Amino acid sequence: MLARALAALRRRTRTWARKRHGIDPDPLLLSGRRIYIVPSSLGIAFALMLFAMFLGAMNYANNLALGLTFMLGALSLTAMHYAHRNLAGVHIRSAASEPVFAGQTARFRIALENDAKVARYELTIANEHGIAEPVRVEPGARVVLDLEVPAPQRGLLRLDSFEITTRHPFGMYRAWAYLNMDIRGAQDTTRGDEDFAGLRAFHAGDSPRRIAWKAYAREQGLQVKQYAGTAVTSHSFDWDALSGLGTEARLSQLCRWIEDAHAAGRAFGLRLPGQEIAPNVGPGHRQRCLTALALFDEQTAHG
């Protein structure tokens with residue numbers, strides 16, 4: 001019951017923060033005004049202990065106990081200041097994320113960069129689906145963390161909001177900021193005609209100049225280098241060739257053909273209503289074709 005109440009409170013708080021701050025730019029320099037701080041369970045216990053110490057010192061008129069109480073109280077306030085300072089000024093940006101199939105879990109990559117002259121400690125990011133492991137970011141360094149988001153169906157997947165948090169130092173306070181970046185899965189579509197696209201098994205008649213001799217020396221067998229734009233036998237996977245199937249069945253079959261052709265190292269193209277992707281090879285080309293299938297809208301295509 002308590003866990004549900006806390007989850008509902010966090011959802012309402014995220015909604016409020018999104019309305020207040022709007023959509024954040026990518027990259028973002030975290031401002032100190034965006035940071036919230038509350039005592040952790042350890043911090044609450046520490047405050048209760050200080051209160052008990054204060055009552056005891058006042059009751060027995062013990063100046064030494066009073067001094068110790070005030071010193072520990074000052075330590076607590078200093079810890080709150082450092083928790084805020086640990087987050088303020090961190091650079092946050094999205095990093096490249098791999099597309100996934102429907103039913104799988106996507107991993108959005110978030111980069112934390114530290115331009116300050118001091119290290120940042122115990123930084124982590126979280127959303128409603130989980131939390132990343134805390135990391136230390138050295139001065140001038142960059143650390144990439146992953147956030148998981150389920151992909152229940154095909155289409156464009158977004159990471160609408162997440163938190164960056166810290167409990168440094170001592171774990172007495174939780175400092176955090178809500179971030180609302182419109183982050184989407186990225187793909188690489190910038191391969192040139194002569195960019196290396198991968199290896200495939202050697203076939204009789206292949207040019208010896210294309211053989212990956214370093215891979216052969218590592219006892220990985222005879223393999224041939226492939227380049228984007230290489231003139232090889234290609235296949236064109238056409239939407240209209242599957243006229244007897246429904247929309248989702250067509251998309252599923254085209255996806256299967258693309259995966260098989262990519263695994264075999266064969267060049268392939270894709271034809272959809274209103275869109276045609278020329279034959280090519282390589283991971284970037286595969287991602288482009290699969291993205292076209294994931295974002296396909298039959299009504300828009302025929303409109």
# chains A, B, ... in the order shown; residues from 1 in each chain; ligands from 1
call {"tool": "select_by_dssp", "arguments": {"residues": "range 17-70 of chain A", "states": "alpha helix (DSSP H)", "output": "PDB file with N, CA and C atoms, in the first residue's frame"}}
result
ATOM      1  N   ALA A  17       6.228  18.855 -12.361  1.00  0.00           N
ATOM      2  CA  ALA A  17       7.525  19.381 -12.800  1.00  0.00           C
ATOM      3  C   ALA A  17       7.551  19.608 -14.305  1.00  0.00           C
ATOM      4  N   ARG A  18       6.894  18.726 -15.059  1.00  0.00           N
ATOM      5  CA  ARG A  18       6.857  18.902 -16.519  1.00  0.00           C
ATOM      6  C   ARG A  18       6.095  20.162 -16.893  1.00  0.00           C
ATOM      7  N   LYS A  19       4.969  20.427 -16.195  1.00  0.00           N
ATOM      8  CA  LYS A  19       4.212  21.640 -16.478  1.00  0.00           C
ATOM      9  C   LYS A  19       5.002  22.891 -16.084  1.00  0.00           C
ATOM     10  N   ARG A  20       5.770  22.803 -15.028  1.00  0.00           N
ATOM     11  CA  ARG A  20       6.513  23.965 -14.547  1.00  0.00           C
ATOM     12  C   ARG A  20       7.715  24.284 -15.425  1.00  0.00           C
ATOM     13  N   HIS A  21       8.474  23.251 -15.802  1.00  0.00           N
ATOM     14  CA  HIS A  21       9.732  23.486 -16.519  1.00  0.00           C
ATOM     15  C   HIS A  21       9.614  23.307 -18.030  1.00  0.00           C
ATOM     16  N   SER A  41      15.800   8.445   4.889  1.00  0.00           N
ATOM     17  CA  SER A  41      15.440   7.764   6.141  1.00  0.00           C
ATOM     18  C   SER A  41      16.577   7.868   7.154  1.00  0.00           C
ATOM     19  N   LEU A  42      17.821   7.777   6.672  1.00  0.00           N
ATOM     20  CA  LEU A  42      18.969   7.955   7.555  1.00  0.00           C
ATOM     21  C   LEU A  42      19.011   9.374   8.099  1.00  0.00           C
ATOM     22  N   GLY A  43      18.711  10.368   7.249  1.00  0.00           N
ATOM     23  CA  GLY A  43      18.714  11.750   7.692  1.00  0.00           C
ATOM     24  C   GLY A  43      17.653  12.024   8.739  1.00  0.00           C
ATOM     25  N   ILE A  44      16.462  11.408   8.586  1.00  0.00           N
ATOM     26  CA  ILE A  44      15.402  11.586   9.581  1.00  0.00           C
ATOM     27  C   ILE A  44      15.814  10.975  10.916  1.00  0.00           C
ATOM     28  N   ALA A  45      16.407   9.772  10.855  1.00  0.00           N
ATOM     29  CA  ALA A  45      16.879   9.136  12.088  1.00  0.00           C
ATOM     30  C   ALA A  45      17.964   9.974  12.755  1.00  0.00           C
ATOM     31  N   PHE A  46      18.839  10.563  11.955  1.00  0.00           N
ATOM     32  CA  PHE A  46      19.901  11.407  12.489  1.00  0.00           C
ATOM     33  C   PHE A  46      19.320  12.652  13.169  1.00  0.00           C
ATOM     34  N   ALA A  47      18.272  13.250  12.548  1.00  0.00           N
ATOM     35  CA  ALA A  47      17.631  14.426  13.137  1.00  0.00           C
ATOM     36  C   ALA A  47      16.959  14.087  14.467  1.00  0.00           C
ATOM     37  N   LEU A  48      16.306  12.930  14.548  1.00  0.00           N
ATOM     38  CA  LEU A  48      15.686  12.503  15.804  1.00  0.00           C
ATOM     39  C   LEU A  48      16.735  12.277  16.888  1.00  0.00           C
ATOM     40  N   MET A  49      17.879  11.724  16.492  1.00  0.00           N
ATOM     41  CA  MET A  49      18.957  11.519  17.457  1.00  0.00           C
ATOM     42  C   MET A  49      19.474  12.864  17.982  1.00  0.00           C
ATOM     43  N   LEU A  50      19.620  13.841  17.088  1.00  0.00           N
ATOM     44  CA  LEU A  50      20.075  15.164  17.522  1.00  0.00           C
ATOM     45  C   LEU A  50      19.068  15.814  18.469  1.00  0.00           C
ATOM     46  N   PHE A  51      17.775  15.626  18.172  1.00  0.00           N
ATOM     47  CA  PHE A  51      16.761  16.196  19.045  1.00  0.00           C
ATOM     48  C   PHE A  51      16.814  15.578  20.441  1.00  0.00           C
ATOM     49  N   ALA A  52      17.018  14.254  20.493  1.00  0.00           N
ATOM     50  CA  ALA A  52      17.130  13.585  21.788  1.00  0.00           C
ATOM     51  C   ALA A  52      18.383  14.054  22.533  1.00  0.00           C
ATOM     52  N   MET A  53      19.479  14.221  21.801  1.00  0.00           N
ATOM     53  CA  MET A  53      20.705  14.715  22.432  1.00  0.00           C
ATOM     54  C   MET A  53      20.506  16.124  22.979  1.00  0.00           C
ATOM     55  N   PHE A  54      19.792  16.948  22.230  1.00  0.00           N
ATOM     56  CA  PHE A  54      19.547  18.324  22.674  1.00  0.00           C
ATOM     57  C   PHE A  54      18.707  18.352  23.950  1.00  0.00           C
ATOM     58  N   LEU A  55      17.655  17.527  24.007  1.00  0.00           N
ATOM     59  CA  LEU A  55      16.829  17.473  25.204  1.00  0.00           C
ATOM     60  C   LEU A  55      17.628  17.002  26.416  1.00  0.00           C
ATOM     61  N   GLY A  56      18.453  15.976  26.196  1.00  0.00           N
ATOM     62  CA  GLY A  56      19.267  15.472  27.302  1.00  0.00           C
ATOM     63  C   GLY A  56      20.268  16.498  27.780  1.00  0.00           C
ATOM     64  N   ALA A  57      20.915  17.200  26.846  1.00  0.00           N
ATOM     65  CA  ALA A  57      21.908  18.200  27.234  1.00  0.00           C
ATOM     66  C   ALA A  57      21.267  19.356  27.976  1.00  0.00           C
ATOM     67  N   MET A  58      20.077  19.778  27.542  1.00  0.00           N
ATOM     68  CA  MET A  58      19.378  20.855  28.226  1.00  0.00           C
ATOM     69  C   MET A  58      18.914  20.419  29.612  1.00  0.00           C
ATOM     70  N   ASN A  59      18.464  19.181  29.723  1.00  0.00           N
ATOM     71  CA  ASN A  59      17.951  18.690  31.004  1.00  0.00           C
ATOM     72  C   ASN A  59      19.049  18.615  32.064  1.00  0.00           C
ATOM     73  N   TYR A  60      20.252  18.207  31.631  1.00  0.00           N
ATOM     74  CA  TYR A  60      21.359  18.065  32.590  1.00  0.00           C
ATOM     75  C   TYR A  60      22.324  19.258  32.540  1.00  0.00           C
ATOM     76  N   ASN A  63      27.118  21.417  28.935  1.00  0.00           N
ATOM     77  CA  ASN A  63      27.598  22.243  27.821  1.00  0.00           C
ATOM     78  C   ASN A  63      28.355  21.439  26.779  1.00  0.00           C
ATOM     79  N   LEU A  64      29.091  20.432  27.229  1.00  0.00           N
ATOM     80  CA  LEU A  64      29.844  19.609  26.279  1.00  0.00           C
ATOM     81  C   LEU A  64      28.883  18.860  25.347  1.00  0.00           C
ATOM     82  N   ALA A  65      27.787  18.332  25.897  1.00  0.00           N
ATOM     83  CA  ALA A  65      26.797  17.631  25.068  1.00  0.00           C
ATOM     84  C   ALA A  65      26.108  18.588  24.113  1.00  0.00           C
ATOM     85  N   LEU A  66      25.829  19.834  24.626  1.00  0.00           N
ATOM     86  CA  LEU A  66      25.232  20.832  23.739  1.00  0.00           C
ATOM     87  C   LEU A  66      26.165  21.176  22.581  1.00  0.00           C
ATOM     88  N   GLY A  67      27.444  21.329  22.886  1.00  0.00           N
ATOM     89  CA  GLY A  67      28.405  21.634  21.827  1.00  0.00           C
ATOM     90  C   GLY A  67      28.483  20.534  20.795  1.00  0.00           C
ATOM     91  N   LEU A  68      28.467  19.274  21.268  1.00  0.00           N
ATOM     92  CA  LEU A  68      28.502  18.136  20.338  1.00  0.00           C
ATOM     93  C   LEU A  68      27.242  18.118  19.467  1.00  0.00           C
ATOM     94  N   THR A  69      26.092  18.420  20.061  1.00  0.00           N
ATOM     95  CA  THR A  69      24.834  18.437  19.313  1.00  0.00           C
ATOM     96  C   THR A  69      24.860  19.495  18.215  1.00  0.00           C
ATOM     97  N   PHE A  70      25.323  20.694  18.570  1.00  0.00           N
ATOM     98  CA  PHE A  70      25.377  21.770  17.576  1.00  0.00           C
ATOM     99  C   PHE A  70      26.397  21.458  16.475  1.00  0.00           C
TER     100      PHE A  70
END
call {"tool": "residues_around", "arguments": {"residues": "Leu159 in chain A", "least_positions_apart": "5", "cutoff": "9 Å", "atoms": "only C-alpha atoms", "output": "MDAnalysis selection string"}}
result
chainID A and resid 108 147 149 180:185
call {"tool": "select_by_dssp", "arguments": {"residues": "range 65-303 of chain A", "states": "strand (DSSP E or B)", "output": "short mmCIF file (atom, residue, chain, number, x, y, z; two decimals) with N, CA, C and O atoms, in the first residue's frame"}}
result
data_model
loop_
_atom_site.label_atom_id
_atom_site.label_comp_id
_atom_site.auth_asym_id
_atom_site.auth_seq_id
_atom_site.Cartn_x
_atom_site.Cartn_y
_atom_site.Cartn_z
N HIS A 91 26.38 18.44 -16.84
CA HIS A 91 25.87 18.44 -18.21
C HIS A 91 25.20 17.10 -18.49
O HIS A 91 25.80 16.04 -18.23
N ILE A 92 23.98 17.13 -19.04
CA ILE A 92 23.23 15.91 -19.31
C ILE A 92 22.83 15.93 -20.78
O ILE A 92 22.28 16.90 -21.27
N ARG A 93 23.11 14.83 -21.47
CA ARG A 93 22.76 14.73 -22.88
C ARG A 93 22.43 13.29 -23.23
O ARG A 93 22.85 12.35 -22.54
N SER A 94 21.65 13.11 -24.29
CA SER A 94 21.33 11.76 -24.75
C SER A 94 22.49 11.20 -25.54
O SER A 94 23.22 11.93 -26.22
N THR A 105 12.87 -4.86 -24.32
CA THR A 105 13.10 -3.70 -23.46
C THR A 105 14.18 -2.83 -24.07
O THR A 105 15.29 -3.30 -24.34
N ALA A 106 13.85 -1.58 -24.33
CA ALA A 106 14.82 -0.64 -24.91
C ALA A 106 15.70 -0.06 -23.81
O ALA A 106 15.28 0.10 -22.66
N ARG A 107 16.92 0.25 -24.18
CA ARG A 107 17.87 0.88 -23.25
C ARG A 107 18.24 2.25 -23.79
O ARG A 107 18.93 2.36 -24.81
N PHE A 108 17.76 3.27 -23.13
CA PHE A 108 18.12 4.63 -23.49
C PHE A 108 19.40 5.01 -22.74
O PHE A 108 19.50 4.83 -21.52
N ARG A 109 20.36 5.55 -23.46
CA ARG A 109 21.66 5.89 -22.89
C ARG A 109 21.73 7.39 -22.62
O ARG A 109 21.46 8.20 -23.50
N ILE A 110 22.07 7.73 -21.38
CA ILE A 110 22.17 9.12 -20.95
C ILE A 110 23.61 9.39 -20.51
O ILE A 110 24.15 8.66 -19.67
N ALA A 111 24.21 10.44 -21.07
CA ALA A 111 25.59 10.79 -20.73
C ALA A 111 25.60 11.90 -19.69
O ALA A 111 24.89 12.90 -19.83
N LEU A 112 26.42 11.73 -18.66
CA LEU A 112 26.64 12.74 -17.63
C LEU A 112 28.06 13.25 -17.79
O LEU A 112 29.02 12.47 -17.77
N GLU A 113 28.22 14.57 -17.93
CA GLU A 113 29.52 15.17 -18.16
C GLU A 113 29.83 16.17 -17.05
O GLU A 113 28.95 16.91 -16.62
N ARG A 120 32.28 14.47 -9.18
CA ARG A 120 30.88 14.31 -8.77
C ARG A 120 30.71 12.87 -8.28
O ARG A 120 31.12 11.93 -8.95
N TYR A 121 30.06 12.70 -7.13
CA TYR A 121 29.99 11.39 -6.50
C TYR A 121 28.56 10.86 -6.47
O TYR A 121 27.60 11.61 -6.31
N GLU A 122 28.46 9.55 -6.63
CA GLU A 122 27.19 8.82 -6.46
C GLU A 122 26.05 9.42 -7.29
O GLU A 122 24.93 9.59 -6.80
N LEU A 123 26.33 9.73 -8.53
CA LEU A 123 25.27 10.22 -9.43
C LEU A 123 24.57 9.02 -10.07
O LEU A 123 25.20 8.03 -10.44
N THR A 124 23.28 9.13 -10.21
CA THR A 124 22.53 8.07 -10.89
C THR A 124 21.31 8.68 -11.56
O THR A 124 20.94 9.83 -11.29
N ILE A 125 20.69 7.91 -12.44
CA ILE A 125 19.46 8.32 -13.10
C ILE A 125 18.41 7.24 -12.89
O ILE A 125 18.74 6.06 -12.70
N ALA A 126 17.14 7.63 -12.92
CA ALA A 126 16.07 6.68 -12.64
C ALA A 126 14.80 7.12 -13.35
O ALA A 126 14.60 8.29 -13.65
N ASN A 127 13.92 6.15 -13.62
CA ASN A 127 12.57 6.42 -14.07
C ASN A 127 11.65 5.41 -13.38
O ASN A 127 12.07 4.70 -12.46
N GLY A 130 13.00 1.66 -13.32
CA GLY A 130 14.22 1.20 -12.68
C GLY A 130 15.20 2.34 -12.43
O GLY A 130 14.92 3.51 -12.70
N ILE A 131 16.35 1.97 -11.90
CA ILE A 131 17.38 2.94 -11.54
C ILE A 131 18.74 2.39 -11.95
O ILE A 131 18.99 1.18 -11.85
N VAL A 135 27.37 6.27 -10.05
CA VAL A 135 28.70 6.37 -10.63
C VAL A 135 29.41 7.61 -10.10
O VAL A 135 28.78 8.55 -9.60
N ARG A 136 30.72 7.60 -10.23
CA ARG A 136 31.54 8.77 -9.92
C ARG A 136 32.03 9.36 -11.23
O ARG A 136 32.55 8.63 -12.09
N VAL A 137 31.89 10.66 -11.39
CA VAL A 137 32.31 11.33 -12.62
C VAL A 137 33.47 12.26 -12.28
O VAL A 137 33.29 13.25 -11.57
N ARG A 142 33.30 11.90 -18.70
CA ARG A 142 31.96 11.63 -19.22
C ARG A 142 31.61 10.19 -18.92
O ARG A 142 32.39 9.28 -19.21
N VAL A 143 30.44 9.97 -18.33
CA VAL A 143 29.98 8.62 -17.99
C VAL A 143 28.60 8.42 -18.60
O VAL A 143 27.75 9.31 -18.54
N VAL A 144 28.38 7.25 -19.19
CA VAL A 144 27.10 6.94 -19.84
C VAL A 144 26.35 5.91 -19.00
O VAL A 144 26.90 4.86 -18.66
N LEU A 145 25.09 6.22 -18.68
CA LEU A 145 24.24 5.32 -17.91
C LEU A 145 23.05 4.89 -18.77
O LEU A 145 22.66 5.58 -19.71
N ASP A 146 22.45 3.74 -18.42
CA ASP A 146 21.33 3.19 -19.19
C ASP A 146 20.05 3.25 -18.37
O ASP A 146 20.06 2.99 -17.16
N LEU A 147 18.95 3.56 -19.07
CA LEU A 147 17.62 3.48 -18.49
C LEU A 147 16.77 2.56 -19.35
O LEU A 147 16.77 2.67 -20.58
N GLU A 148 16.03 1.65 -18.72
CA GLU A 148 15.22 0.71 -19.45
C GLU A 148 13.79 1.24 -19.62
O GLU A 148 13.23 1.84 -18.71
N VAL A 149 13.24 1.00 -20.81
CA VAL A 149 11.86 1.37 -21.12
C VAL A 149 11.25 0.22 -21.92
O VAL A 149 11.78 -0.15 -22.97
N PRO A 150 10.15 -0.38 -21.45
CA PRO A 150 9.52 -1.47 -22.21
C PRO A 150 9.01 -0.98 -23.56
O PRO A 150 8.57 0.17 -23.70
N ARG A 158 9.70 6.73 -26.84
CA ARG A 158 10.26 7.94 -26.25
C ARG A 158 10.59 7.72 -24.78
O ARG A 158 9.93 6.96 -24.09
N LEU A 159 11.62 8.43 -24.34
CA LEU A 159 11.92 8.55 -22.91
C LEU A 159 11.51 9.97 -22.52
O LEU A 159 12.25 10.93 -22.70
N PHE A 162 12.80 11.54 -16.69
CA PHE A 162 13.60 10.73 -15.77
C PHE A 162 14.19 11.66 -14.72
O PHE A 162 14.03 12.88 -14.77
N GLU A 163 14.84 11.08 -13.72
CA GLU A 163 15.43 11.85 -12.63
C GLU A 163 16.94 11.64 -12.61
O GLU A 163 17.43 10.57 -12.96
N ILE A 164 17.65 12.66 -12.19
CA ILE A 164 19.05 12.51 -11.84
C ILE A 164 19.15 12.76 -10.34
O ILE A 164 18.60 13.75 -9.83
N THR A 165 19.77 11.85 -9.60
CA THR A 165 19.75 11.92 -8.15
C THR A 165 21.15 11.67 -7.57
O THR A 165 22.04 11.14 -8.25
N THR A 166 21.31 12.05 -6.31
CA THR A 166 22.52 11.74 -5.55
C THR A 166 22.17 11.71 -4.06
O THR A 166 21.23 12.39 -3.62
N TYR A 173 20.75 12.95 2.84
CA TYR A 173 19.80 13.69 2.02
C TYR A 173 19.70 13.06 0.64
O TYR A 173 20.67 12.46 0.14
N ARG A 174 18.54 13.21 0.05
CA ARG A 174 18.36 12.81 -1.35
C ARG A 174 18.13 14.08 -2.16
O ARG A 174 17.13 14.78 -1.98
N ALA A 175 19.07 14.38 -3.05
CA ALA A 175 18.96 15.54 -3.94
C ALA A 175 18.66 15.03 -5.34
O ALA A 175 19.28 14.07 -5.80
N TRP A 176 17.71 15.66 -6.01
CA TRP A 176 17.34 15.19 -7.34
C TRP A 176 16.76 16.33 -8.17
O TRP A 176 16.40 17.39 -7.66
N ALA A 177 16.67 16.05 -9.46
CA ALA A 177 16.04 16.98 -10.40
C ALA A 177 15.26 16.17 -11.42
O ALA A 177 15.72 15.10 -11.85
N TYR A 178 14.06 16.65 -11.78
CA TYR A 178 13.25 16.02 -12.82
C TYR A 178 13.66 16.59 -14.18
O TYR A 178 13.77 17.80 -14.35
N LEU A 179 13.88 15.71 -15.14
CA LEU A 179 14.26 16.12 -16.48
C LEU A 179 13.21 15.64 -17.47
O LEU A 179 12.74 14.51 -17.39
N ILE A 183 13.51 12.37 -25.75
CA ILE A 183 14.58 11.52 -26.28
C ILE A 183 13.97 10.34 -27.03
O ILE A 183 13.09 9.66 -26.52
N ARG A 184 14.45 10.11 -28.22
CA ARG A 184 13.97 9.00 -29.06
C ARG A 184 15.15 8.12 -29.43
O ARG A 184 16.30 8.53 -29.37
N PHE A 196 33.10 0.91 -44.39
CA PHE A 196 33.10 -0.50 -44.07
C PHE A 196 31.78 -0.87 -43.40
O PHE A 196 31.33 -0.21 -42.48
N ALA A 197 31.12 -1.95 -43.90
CA ALA A 197 29.80 -2.30 -43.39
C ALA A 197 29.77 -3.62 -42.64
O ALA A 197 28.81 -3.92 -41.96
N GLY A 198 30.84 -4.45 -42.75
CA GLY A 198 30.85 -5.71 -42.03
C GLY A 198 31.55 -6.80 -42.81
O GLY A 198 32.17 -6.56 -43.86
N LEU A 199 31.46 -8.03 -42.29
CA LEU A 199 32.09 -9.19 -42.91
C LEU A 199 31.03 -10.23 -43.26
O LEU A 199 29.99 -10.31 -42.61
N ARG A 200 31.31 -11.01 -44.28
CA ARG A 200 30.48 -12.16 -44.60
C ARG A 200 31.39 -13.31 -44.98
O ARG A 200 32.60 -13.15 -45.21
N ALA A 201 30.81 -14.51 -45.04
CA ALA A 201 31.60 -15.70 -45.38
C ALA A 201 32.11 -15.62 -46.82
O ALA A 201 31.45 -15.06 -47.70
N ILE A 211 39.30 -10.04 -49.09
CA ILE A 211 39.41 -10.98 -47.98
C ILE A 211 39.97 -10.29 -46.74
O ILE A 211 40.92 -9.51 -46.83
N GLN A 223 36.85 -14.70 -44.54
CA GLN A 223 35.72 -13.78 -44.56
C GLN A 223 36.03 -12.64 -45.52
O GLN A 223 37.19 -12.31 -45.76
N VAL A 224 34.99 -12.05 -46.08
CA VAL A 224 35.12 -11.00 -47.09
C VAL A 224 34.58 -9.70 -46.52
O VAL A 224 33.50 -9.68 -45.90
N LYS A 225 35.33 -8.61 -46.74
CA LYS A 225 34.88 -7.30 -46.29
C LYS A 225 33.76 -6.80 -47.20
O LYS A 225 33.83 -6.95 -48.42
N GLN A 226 32.76 -6.19 -46.59
CA GLN A 226 31.69 -5.55 -47.34
C GLN A 226 31.68 -4.07 -47.03
O GLN A 226 31.97 -3.65 -45.91
N TYR A 227 31.34 -3.29 -48.04
CA TYR A 227 31.27 -1.84 -47.90
C TYR A 227 29.89 -1.36 -48.34
O TYR A 227 29.28 -1.93 -49.24
N SER A 234 21.50 -8.20 -54.98
CA SER A 234 20.65 -7.62 -53.95
C SER A 234 19.23 -8.12 -54.10
O SER A 234 18.82 -8.65 -55.13
N HIS A 235 18.47 -7.91 -53.02
CA HIS A 235 17.07 -8.30 -52.98
C HIS A 235 16.25 -7.05 -52.68
O HIS A 235 16.69 -6.17 -51.94
N SER A 236 15.05 -7.01 -53.23
CA SER A 236 14.15 -5.91 -52.94
C SER A 236 12.90 -6.49 -52.30
O SER A 236 12.18 -7.28 -52.91
N PHE A 237 12.66 -6.13 -51.06
CA PHE A 237 11.52 -6.64 -50.31
C PHE A 237 10.37 -5.64 -50.48
O PHE A 237 10.44 -4.51 -50.00
N ASP A 238 9.30 -6.11 -51.16
CA ASP A 238 8.24 -5.23 -51.62
C ASP A 238 6.96 -5.47 -50.84
O ASP A 238 6.50 -6.61 -50.68
N ALA A 267 22.92 -7.85 -49.77
CA ALA A 267 22.34 -6.51 -49.93
C ALA A 267 20.84 -6.63 -50.14
O ALA A 267 20.35 -7.59 -50.73
N PHE A 268 20.10 -5.64 -49.65
CA PHE A 268 18.65 -5.68 -49.79
C PHE A 268 18.12 -4.25 -49.77
O PHE A 268 18.73 -3.33 -49.24
N GLY A 269 16.94 -4.12 -50.41
CA GLY A 269 16.23 -2.85 -50.39
C GLY A 269 14.83 -3.07 -49.87
O GLY A 269 14.40 -4.20 -49.63
N LEU A 270 14.08 -1.99 -49.68
CA LEU A 270 12.73 -2.08 -49.11
C LEU A 270 11.81 -1.12 -49.84
O LEU A 270 12.16 0.05 -50.06
N ARG A 271 10.63 -1.62 -50.21
CA ARG A 271 9.62 -0.79 -50.85
C ARG A 271 8.35 -0.82 -50.01
O ARG A 271 7.77 -1.87 -49.77
N LEU A 272 7.96 0.36 -49.57
CA LEU A 272 6.72 0.55 -48.83
C LEU A 272 5.88 1.60 -49.55
O LEU A 272 6.42 2.39 -50.33
N GLN A 275 7.32 5.15 -49.87
CA GLN A 275 8.72 5.18 -49.44
C GLN A 275 9.48 4.03 -50.08
O GLN A 275 8.99 2.90 -50.14
N GLU A 276 10.69 4.32 -50.52
CA GLU A 276 11.56 3.28 -51.08
C GLU A 276 12.98 3.51 -50.60
O GLU A 276 13.51 4.61 -50.68
N ILE A 277 13.59 2.44 -50.09
CA ILE A 277 14.96 2.50 -49.61
C ILE A 277 15.81 1.65 -50.54
O ILE A 277 15.55 0.46 -50.74
N ALA A 278 16.82 2.24 -51.14
CA ALA A 278 17.65 1.57 -52.13
C ALA A 278 18.44 0.43 -51.49
O ALA A 278 18.77 0.47 -50.30
N PRO A 279 18.79 -0.60 -52.26
CA PRO A 279 19.56 -1.72 -51.72
C PRO A 279 20.91 -1.26 -51.17
O PRO A 279 21.57 -0.40 -51.74
N ASN A 280 21.30 -1.85 -50.06
CA ASN A 280 22.58 -1.54 -49.43
C ASN A 280 22.87 -2.65 -48.42
O ASN A 280 22.10 -3.62 -48.30
#
call {"tool": "atom_distance", "arguments": {"atom1": "CA of Leu2 in chain A", "atom2": "CA of Ser161 in chain A"}}
result
23.0 Å
call {"tool": "residues_around", "arguments": {"residues": "Asp297 in chain A", "least_positions_apart": "5", "cutoff": "12 Å", "atoms": "only C-alpha atoms", "output": "list in words"}}
result
Arg154, Gly155, Leu156, Thr247, Glu248, Leu251, Leu272, Pro273, Gly274, Gln275, Thr291, Ala292, His302 and Gly303 of chain A
call {"tool": "atom_distance", "arguments": {"atom1": "CA of Arg85 in chain A", "atom2": "CA of Ser97 in chain A"}}
result
29.5 Å
call {"tool": "atom_distance", "arguments": {"atom1": "CA of Ala264 in chain A", "atom2": "CA of Val281 in chain A"}}
result
10.4 Å
call {"tool": "closest_residue", "arguments": {"among": "A:Ser31, A:Ser76, A:Asn62, A:Gln287", "to": "Phe170 in chain A", "atoms": "only C-alpha atoms"}}
result
A:Ser76
